[in-house]
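Taking it in order: structure first as structure tokens, then the write-up.
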Amino acid sequence: GIVTVLQRPASTVTSLTSSNGNYANALRPAMEQAEPFSIVSTVKALSGALRSDAERDAETSREREKLWFKESSAKNLRSRDFLSPNTVLTTLFAGATETTTEGLRVCVDRSVAFRGVLCGVTPYLRPAAQRQGCVLINCPALHTKPTVPSPDTLALGQLRTILIADHLGAQLRRQGYTISFCPALPQGSDIVNLLKVLGIDWPTVPVSWTNEDREEKLKKALENSTYRDRETERGKRRSRGEEIEESRGIREEVRINLKQVVEDENLQGYDPSLGTCTVQREALGHLAQLDSAAAGFPVSEVTSLHVTSCQDEFRQQQTAMLWRAAGATAVQRLVMCGPVKTPGVQMNAAQYLQLRKAQMKEASEMKYGDQVEGQTWDDIIRVMTSATVRFELLSTVHSSPVTLDVQRDSGVSTKGPRGGVFVMYNCARLHTLFSSYEKGVEQGLYPEIPGGSELDFSALKEEGEWLLLFNYLIPFSELLDQSAQILEHEGGGARVHLRTEQVCRFLVSLSKDFSSYYNRVHVLGEPLPHLFNQMFCRLLLLRALRELYHSALDSLNLPPIPQL
């Protein structure tokens with residue numbers, strides 16, 4: 001294949017030509033347009049180029065078929081950026097008698113791509129599209145049962161659901177959605193203080209606040225619901241000899257036929273064993289909190305995400321159908337979270353956080369000694385503890401189990417290539433780099449970084465530099481957009497899989513590649529004019545990476561720290 005420029009969304013693509021099995025592809029980019037470079041658009045354009053017009057029209061339903069692969073490994077990026085394998089080529093071009101060893105290769109004009117991205121990096125640090133709509137994020141682990149949960153009663157699996165709910169809220173808010181969290185928690189309660197330690201700003205209400213009016217309204221709605229199962233109620237009362245009590249108004253048990261709700265609404269993916277359900281006071285409280293959280297939203301625009309542990313999934317399906325039976329019309333989806341395992345140890349959320357905090361303080365003292373004291377270090381240790389916890393509980397697909405090492409002597413490494421500490425450490429290295437550069441400017445060693453139009457980006461020849469741009473800076477915007485895309489396009493079953501692990505995994509992978517590059521390349525060189533162009537190009541790349549780190553960490557409610 002020939003060298004080409006990364007495709008912008010509206011670029012035109014020429015047809016593929018074949019000569020003795022050597023296929024060539026030419027992309028003509030619309031360089032004057034403002035849209036950012038896009039991996040997805042490039043793959044679509046390349047796929048279109050592989051097909052004739054007739055094939056393109058006939059196979060729109062197969063748009064996602066893998067005709068091209070974006071390369072990501074350093075080894076493969078030395079020779080190609082996109083590949084259409086021989087298996088695809090021999091299928092599409094049956095008359096071709098010769099092929100290359102791997103298939104059709106496409107390379108990007110790297111200096112043009114560096115200039116295009118680094119001279120206008122802002123669009124790459126935000127979601128590719130902005131949406132409208134309202135999302136209610138409900139966390140059953142925080143509901144009163146019958147008392148408000150506390151750090152000592154909160155299980156690790158429940159803590160995981162809270163962190164996932166918080167992360168989803170931050171992601172969807174950045175994509176344009178209006179977000180409401182449920183339930184509201186009593187101000188100043190121990191559970192609120194625990195969430196603050198983790199950087200979570202959950203909605204609160206005064207301790208004296210009650211939701212009794214809503215509970216009463218919902219109770220009446222369920223009593224008058226067409227899904228009320230009065231025959232089952234009568235049978236149960238007769239078996240217990242309670243008909244006299246009913247006639248005196250002392251007791252009236254309300255049972256709702258949830259199975260009928262599912263069938264009438266044609267809802268998919270709900271447990272087939274959902275039958276009739278007795279309305280308990282605890283369920284009314286849960287419904288009232290949901291009703292209150294959704295009160296300010298337009299009825300037609302609400303999607304409710306119930307972020308629940310696998311142990312509580314059946315109960316949450318019951319609650320969702322009770323809300324529907326009471327008249328709620330919101331689209332309801334369940335984000336089911338797998339269990340958290342601690343082999344050989346029983347541990348609640350408070351104990352787990354205390355352990356990670358003690359390990360983080362110990363690791364800091366081993367590195368910095370007596371410096372580790374005062375409010376600044378308290379804040380650093382708090383943020384690092386939160387980072388450790390979040391990456392441990394969020395880096396796994398949310399429906400899969402997580403196994404934690406909670407042995408007291410296992411320690412927390414500040415440099416091991418895993419987890420939140422490693423990510424925060426590399427983010428801090430960028431802060432240190434730019435502090436050193438700014439001091440050099442103040443001392444007259446270096447000039448200010450000039451505008452990108454004055455730089456020659458062909459100076460960025462290290463393979464690690466292209467790796468950082470092509471695998472991280474360019475795709476980041478599309479990664480931020482995925483949750484909303486799934487919410488909009490995934491089928492309407494009870495469960496929804498929102499890939500909440502991707503930001504953490506992305507940051508860990510980025511940190512490994514950045515660390516490898518930074519350990520190998522000396523960015524701030526001698527203050528000699530003939531070296532400035534390359535230094536400035538590298539500084540622009542690393543400044544963009546620093547902003548990417550900050551943007552990604554913000555979706556995890558983790559502030560960057562200046563040293564570690």
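Here, A, B, ... name the chains of the structure tokens in the order displayed, residue numbers run from 1 inside each chain, and ligands are numbered from 1 in the same displayed order.
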
Considering only C-alpha atoms, tabulate each residue of range 171-237 of chain A that lies at most 10 Å from range 296-304 of chain A along with its nearest interatomic pair and the corresponding distance in Å to one decimal; arrange the rows by chain and ascending residue number and present them as a Markdown table.
```
| residue | atom | partner | partner_atom | distance |
| --- | --- | --- | --- | --- |
| A:Thr178 | CA | A:Phe297 | CA | 8.7 |
| A:Ile179 | CA | A:Phe297 | CA | 9.6 |
| A:Ser180 | CA | A:Phe297 | CA | 9.1 |
| A:Phe181 | CA | A:Ser304 | CA | 9.8 |
| A:Cys182 | CA | A:Ser304 | CA | 9.9 |
```

Please dump the current selection as a CSV table (one decimal), in the first residue's frame; keep all heavy atoms.
```
chain,number,residue,atom,x,y,z
A,178,THR,N,-28.2,14.8,31.2
A,178,THR,CA,-28.5,15.3,32.6
A,178,THR,C,-28.6,14.1,33.5
A,178,THR,O,-29.3,13.2,33.2
A,178,THR,CB,-29.8,16.1,32.6
A,178,THR,OG1,-29.8,17.2,31.6
A,178,THR,CG2,-30.1,16.7,34.0
A,179,ILE,N,-27.9,14.2,34.6
A,179,ILE,CA,-27.7,13.0,35.5
A,179,ILE,C,-28.4,13.3,36.8
A,179,ILE,O,-28.2,14.4,37.4
A,179,ILE,CB,-26.2,12.6,35.7
A,179,ILE,CG1,-25.6,12.4,34.3
A,179,ILE,CG2,-26.1,11.4,36.6
A,179,ILE,CD1,-26.1,11.2,33.6
A,180,SER,N,-29.1,12.3,37.3
A,180,SER,CA,-29.6,12.3,38.7
A,180,SER,C,-29.2,11.0,39.4
A,180,SER,O,-29.3,10.0,38.8
A,180,SER,CB,-31.1,12.5,38.7
A,180,SER,OG,-31.6,12.5,40.0
A,181,PHE,N,-28.7,11.1,40.6
A,181,PHE,CA,-28.4,9.9,41.4
A,181,PHE,C,-29.4,9.6,42.4
A,181,PHE,O,-30.1,10.5,43.0
A,181,PHE,CB,-27.0,10.1,42.1
A,181,PHE,CG,-25.8,10.2,41.2
A,181,PHE,CD1,-25.3,11.3,40.8
A,181,PHE,CD2,-25.3,9.0,40.7
A,181,PHE,CE1,-24.2,11.4,40.0
A,181,PHE,CE2,-24.2,9.0,39.9
A,181,PHE,CZ,-23.6,10.2,39.5
A,182,CYS,N,-29.6,8.3,42.7
A,182,CYS,CA,-30.6,7.9,43.7
A,182,CYS,C,-29.9,6.7,44.5
A,182,CYS,O,-29.2,5.9,44.0
A,182,CYS,CB,-31.8,7.4,42.9
A,182,CYS,SG,-33.1,6.7,44.0
```

Determine, using only C-alpha atoms, which residues of range 66-183 of chain A have any atom at most 10 Å from an atom of range 191-206 of chain A, and tabulate each with its shortest atom pair and distance in Å to one decimal place, rows ordered by chain and then rising number, as JSON lines.
```
{"residue": "A:Leu142", "atom": "CA", "partner": "A:Ile191", "partner_atom": "CA", "distance": 8.6}
{"residue": "A:Val148", "atom": "CA", "partner": "A:Ile191", "partner_atom": "CA", "distance": 8.1}
{"residue": "A:Pro149", "atom": "CA", "partner": "A:Ile191", "partner_atom": "CA", "distance": 6.7}
{"residue": "A:Ser150", "atom": "CA", "partner": "A:Ile191", "partner_atom": "CA", "distance": 5.0}
{"residue": "A:Pro151", "atom": "CA", "partner": "A:Ile191", "partner_atom": "CA", "distance": 5.7}
{"residue": "A:Asp152", "atom": "CA", "partner": "A:Ile191", "partner_atom": "CA", "distance": 9.1}
{"residue": "A:Thr153", "atom": "CA", "partner": "A:Ile191", "partner_atom": "CA", "distance": 9.8}
{"residue": "A:Leu154", "atom": "CA", "partner": "A:Ile191", "partner_atom": "CA", "distance": 8.8}
{"residue": "A:Leu159", "atom": "CA", "partner": "A:Leu195", "partner_atom": "CA", "distance": 9.5}
{"residue": "A:Ile162", "atom": "CA", "partner": "A:Leu195", "partner_atom": "CA", "distance": 8.9}
{"residue": "A:Leu163", "atom": "CA", "partner": "A:Ile200", "partner_atom": "CA", "distance": 8.3}
{"residue": "A:Asp166", "atom": "CA", "partner": "A:Ile200", "partner_atom": "CA", "distance": 6.9}
{"residue": "A:His167", "atom": "CA", "partner": "A:Ile200", "partner_atom": "CA", "distance": 9.4}
{"residue": "A:Ser180", "atom": "CA", "partner": "A:Pro203", "partner_atom": "CA", "distance": 8.6}
{"residue": "A:Phe181", "atom": "CA", "partner": "A:Pro203", "partner_atom": "CA", "distance": 6.8}
{"residue": "A:Cys182", "atom": "CA", "partner": "A:Pro203", "partner_atom": "CA", "distance": 7.8}
{"residue": "A:Pro183", "atom": "CA", "partner": "A:Pro203", "partner_atom": "CA", "distance": 7.7}
```

For those residues, write N, CA and C atoms to a file as a short mmCIF file (atom, residue, chain, number, x, y, z; two decimals), in the first residue's frame.
```
data_model
loop_
_atom_site.label_atom_id
_atom_site.label_comp_id
_atom_site.auth_asym_id
_atom_site.auth_seq_id
_atom_site.Cartn_x
_atom_site.Cartn_y
_atom_site.Cartn_z
N LEU A 142 -27.19 1.63 48.41
CA LEU A 142 -27.26 2.79 49.31
C LEU A 142 -28.65 3.03 49.87
N VAL A 148 -30.05 3.30 57.14
CA VAL A 148 -29.07 3.77 56.16
C VAL A 148 -27.81 2.93 56.29
N PRO A 149 -27.24 2.45 55.17
CA PRO A 149 -26.02 1.65 55.27
C PRO A 149 -24.87 2.46 55.86
N SER A 150 -23.93 1.76 56.47
CA SER A 150 -22.76 2.41 57.07
C SER A 150 -21.51 1.76 56.47
N PRO A 151 -20.34 2.39 56.64
CA PRO A 151 -19.11 1.78 56.12
C PRO A 151 -18.86 0.38 56.66
N ASP A 152 -19.30 0.12 57.89
CA ASP A 152 -19.07 -1.19 58.50
C ASP A 152 -20.03 -2.27 58.01
N THR A 153 -21.18 -1.85 57.46
CA THR A 153 -22.14 -2.82 56.94
C THR A 153 -22.06 -2.95 55.42
N LEU A 154 -21.29 -2.08 54.79
CA LEU A 154 -21.20 -2.07 53.33
C LEU A 154 -20.24 -3.16 52.86
N LEU A 159 -19.68 -1.76 47.47
CA LEU A 159 -18.78 -0.64 47.20
C LEU A 159 -18.45 -0.58 45.71
N ILE A 162 -21.19 1.16 43.80
CA ILE A 162 -21.20 2.61 44.02
C ILE A 162 -20.16 3.28 43.13
N LEU A 163 -18.96 2.71 43.06
CA LEU A 163 -17.90 3.29 42.23
C LEU A 163 -18.27 3.24 40.75
N ASP A 166 -20.88 5.95 40.12
CA ASP A 166 -20.24 7.27 40.10
C ASP A 166 -19.50 7.49 38.77
N HIS A 167 -18.77 6.49 38.31
CA HIS A 167 -18.01 6.60 37.06
C HIS A 167 -18.95 6.76 35.87
N SER A 180 -29.08 12.29 37.35
CA SER A 180 -29.59 12.34 38.72
C SER A 180 -29.23 11.03 39.41
N PHE A 181 -28.75 11.13 40.65
CA PHE A 181 -28.37 9.93 41.41
C PHE A 181 -29.45 9.61 42.45
N CYS A 182 -29.59 8.35 42.74
CA CYS A 182 -30.57 7.87 43.70
C CYS A 182 -29.94 6.74 44.52
N PRO A 183 -30.17 6.72 45.84
CA PRO A 183 -31.03 7.58 46.64
C PRO A 183 -30.26 8.78 47.21
#
```

In Å to one decimal, how far is CA of Val135 in chain A from CA of Lys219 in chain A? 24.7 Å

Which distance in Å separates CA of Val508 in chain A and CA of Thr122 in chain A, to one decimal?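 CA of Val508 in chain A sits 21.9 Å away from CA of Thr122 in chain A.
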
Write out as a VMD selection string the set of residues from range 276-384 of chain A that DSSP, computed on the backbone, places in strand (DSSP E or B). chain A and resid 276 to 278 302 to 309 331 to 337 340 to 341 348

In terms of only C-alpha atoms, the residue from A:Glu465, A:Asp190, A:Glu373, A:Glu547 at minimal distance from Cys427 in chain A is A:Glu547

Residues near Leu218 in chain A, anyone? I mean within 12 Å using only C-alpha atoms, not counting same-chain ones fewer than 2 positions away, as an MDAnalysis selection string. chainID A and resid 211:216 220:225 254 279:281 283:292 322:328

Write the selection just made, keeping C-alpha atoms, as an mmCIF file, in the first residue's frame?
```
data_model
loop_
_atom_site.group_PDB
_atom_site.id
_atom_site.type_symbol
_atom_site.label_atom_id
_atom_site.label_comp_id
_atom_site.auth_asym_id
_atom_site.auth_seq_id
_atom_site.Cartn_x
_atom_site.Cartn_y
_atom_site.Cartn_z
ATOM 1 C CA ASN A 211 -40.422 11.016 51.750
ATOM 2 C CA GLU A 212 -43.650 9.839 53.363
ATOM 3 C CA ASP A 213 -45.965 11.762 51.009
ATOM 4 C CA ARG A 214 -44.452 10.065 47.962
ATOM 5 C CA GLU A 215 -44.546 6.684 49.693
ATOM 6 C CA GLU A 216 -48.263 7.153 50.414
ATOM 7 C CA LYS A 220 -52.249 4.105 46.633
ATOM 8 C CA ALA A 221 -51.107 3.753 43.027
ATOM 9 C CA LEU A 222 -50.187 0.122 43.667
ATOM 10 C CA GLU A 223 -53.413 -0.555 45.566
ATOM 11 C CA ASN A 224 -55.340 0.688 42.519
ATOM 12 C CA SER A 225 -53.022 -0.864 39.929
ATOM 13 C CA VAL A 254 -50.987 -5.646 48.508
ATOM 14 C CA VAL A 279 -45.344 -4.716 48.568
ATOM 15 C CA GLN A 280 -43.174 -4.128 51.645
ATOM 16 C CA ARG A 281 -42.450 -0.824 53.364
ATOM 17 C CA ALA A 283 -39.836 -1.371 48.646
ATOM 18 C CA LEU A 284 -42.103 1.670 48.979
ATOM 19 C CA GLY A 285 -39.186 3.681 50.335
ATOM 20 C CA HIS A 286 -37.054 2.586 47.355
ATOM 21 C CA LEU A 287 -39.798 3.517 44.880
ATOM 22 C CA ALA A 288 -40.297 6.903 46.538
ATOM 23 C CA GLN A 289 -36.587 7.672 46.200
ATOM 24 C CA LEU A 290 -36.718 6.738 42.494
ATOM 25 C CA ASP A 291 -39.812 8.873 41.987
ATOM 26 C CA SER A 292 -38.182 11.813 43.740
ATOM 27 C CA LEU A 322 -43.188 -2.493 40.946
ATOM 28 C CA TRP A 323 -42.234 0.999 39.784
ATOM 29 C CA ARG A 324 -43.666 0.209 36.362
ATOM 30 C CA ALA A 325 -46.872 -1.133 37.940
ATOM 31 C CA ALA A 326 -47.155 2.124 39.915
ATOM 32 C CA GLY A 327 -47.201 4.100 36.664
ATOM 33 C CA ALA A 328 -43.538 4.881 35.940
#
```

Can you pull out the residues contacting Leu258 in chain A? Cut-off 10 Å, using only C-alpha atoms, and skip same-chain residues under 6 positions away; I want them as a PyMOL selection string. chain A and resi 227-229+264+273-277+317-322+324-325

When you look at Gln502 in chain A with a cut-off of 8 Å (counting only C-alpha atoms), what residues show up, excluding the ones that are within fewer than 3 positions of it in the same chain? I need them as a list of chain:residue names. A:Ser395, A:Leu479, A:Arg499, A:Arg505, A:Phe506

Save the residues we just selected, N, CA and C atoms, as a short mmCIF file (atom, residue, chain, number, x, y, z; two decimals), in the first residue's frame?
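Resulting contents of result-v3.cif:
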```cif
data_model
loop_
_atom_site.label_atom_id
_atom_site.label_comp_id
_atom_site.auth_asym_id
_atom_site.auth_seq_id
_atom_site.Cartn_x
_atom_site.Cartn_y
_atom_site.Cartn_z
N SER A 395 -11.33 -1.99 36.98
CA SER A 395 -10.56 -2.43 35.81
C SER A 395 -11.05 -3.74 35.21
N LEU A 479 -13.37 6.54 22.58
CA LEU A 479 -13.53 5.74 23.80
C LEU A 479 -14.51 6.41 24.76
N ARG A 499 -19.24 -1.35 29.56
CA ARG A 499 -17.78 -1.28 29.41
C ARG A 499 -17.14 -0.27 30.37
N ARG A 505 -8.42 0.59 32.06
CA ARG A 505 -7.51 -0.21 31.25
C ARG A 505 -6.73 0.66 30.27
N PHE A 506 -7.40 1.63 29.69
CA PHE A 506 -6.77 2.56 28.77
C PHE A 506 -5.64 3.32 29.47
#
```

Compile the contact shell of range 76-91 of chain A as a PyMOL selection string: residues with an atom at most 6 Å away, counting only C-alpha atoms, same-chain residues fewer than 4 positions apart removed. chain A and resi 67-71+102-107

What is the distance between CA of Gly269 in chain A and CA of Val397 in chain A, in Å to one decimal? 19.6 Å

Residues flagged helix (DSSP H, G or I) by DSSP in range 132-182 of chain A, as a ChimeraX atom specification: /A:140-142,156-174

Pull C-alpha atoms from the residues just selected and write them as an mmCIF file, in the first residue's frame.
```
data_model
loop_
_atom_site.group_PDB
_atom_site.id
_atom_site.type_symbol
_atom_site.label_atom_id
_atom_site.label_comp_id
_atom_site.auth_asym_id
_atom_site.auth_seq_id
_atom_site.Cartn_x
_atom_site.Cartn_y
_atom_site.Cartn_z
ATOM 1 C CA PRO A 140 -29.583 -0.158 45.455
ATOM 2 C CA ALA A 141 -26.639 -0.689 47.846
ATOM 3 C CA LEU A 142 -27.260 2.793 49.306
ATOM 4 C CA LEU A 156 -17.080 -4.905 48.974
ATOM 5 C CA GLY A 157 -19.430 -5.934 46.178
ATOM 6 C CA GLN A 158 -21.714 -3.054 47.148
ATOM 7 C CA LEU A 159 -18.777 -0.638 47.205
ATOM 8 C CA ARG A 160 -17.991 -1.747 43.663
ATOM 9 C CA THR A 161 -21.516 -0.875 42.493
ATOM 10 C CA ILE A 162 -21.199 2.613 44.021
ATOM 11 C CA LEU A 163 -17.902 3.289 42.231
ATOM 12 C CA ILE A 164 -19.337 2.040 38.934
ATOM 13 C CA ALA A 165 -22.418 4.237 39.379
ATOM 14 C CA ASP A 166 -20.239 7.270 40.096
ATOM 15 C CA HIS A 167 -18.011 6.598 37.059
ATOM 16 C CA LEU A 168 -21.012 6.114 34.771
ATOM 17 C CA GLY A 169 -22.504 9.397 35.965
ATOM 18 C CA ALA A 170 -19.292 11.285 35.187
ATOM 19 C CA GLN A 171 -18.968 9.679 31.744
ATOM 20 C CA LEU A 172 -22.584 10.224 30.681
ATOM 21 C CA ARG A 173 -22.646 13.803 31.979
ATOM 22 C CA ARG A 174 -19.676 14.631 29.748
#
```

In terms of the shortest atom-to-atom distance over only C-alpha atoms, which of A:Lys145, A:Arg131, A:Lys361, A:Lys217 is closest to Gln175 in chain A?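 Smallest distance to Gln175 in chain A is found for A:Arg131.
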
Measuring atom to atom with only C-alpha atoms, identify which of A:Leu540, A:Val503, A:Val441, A:Leu267 is nearest to Glu478 in chain A.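 With only C-alpha atoms as the atom set, the closest residue is A:Val503.
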
Using only C-alpha atoms, find the one residue out of A:Gly492, A:Val389, A:Val406, A:Ser453 that sits nearest to Gly120 in chain A.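 The closest residue to Gly120 in chain A is A:Ser453.
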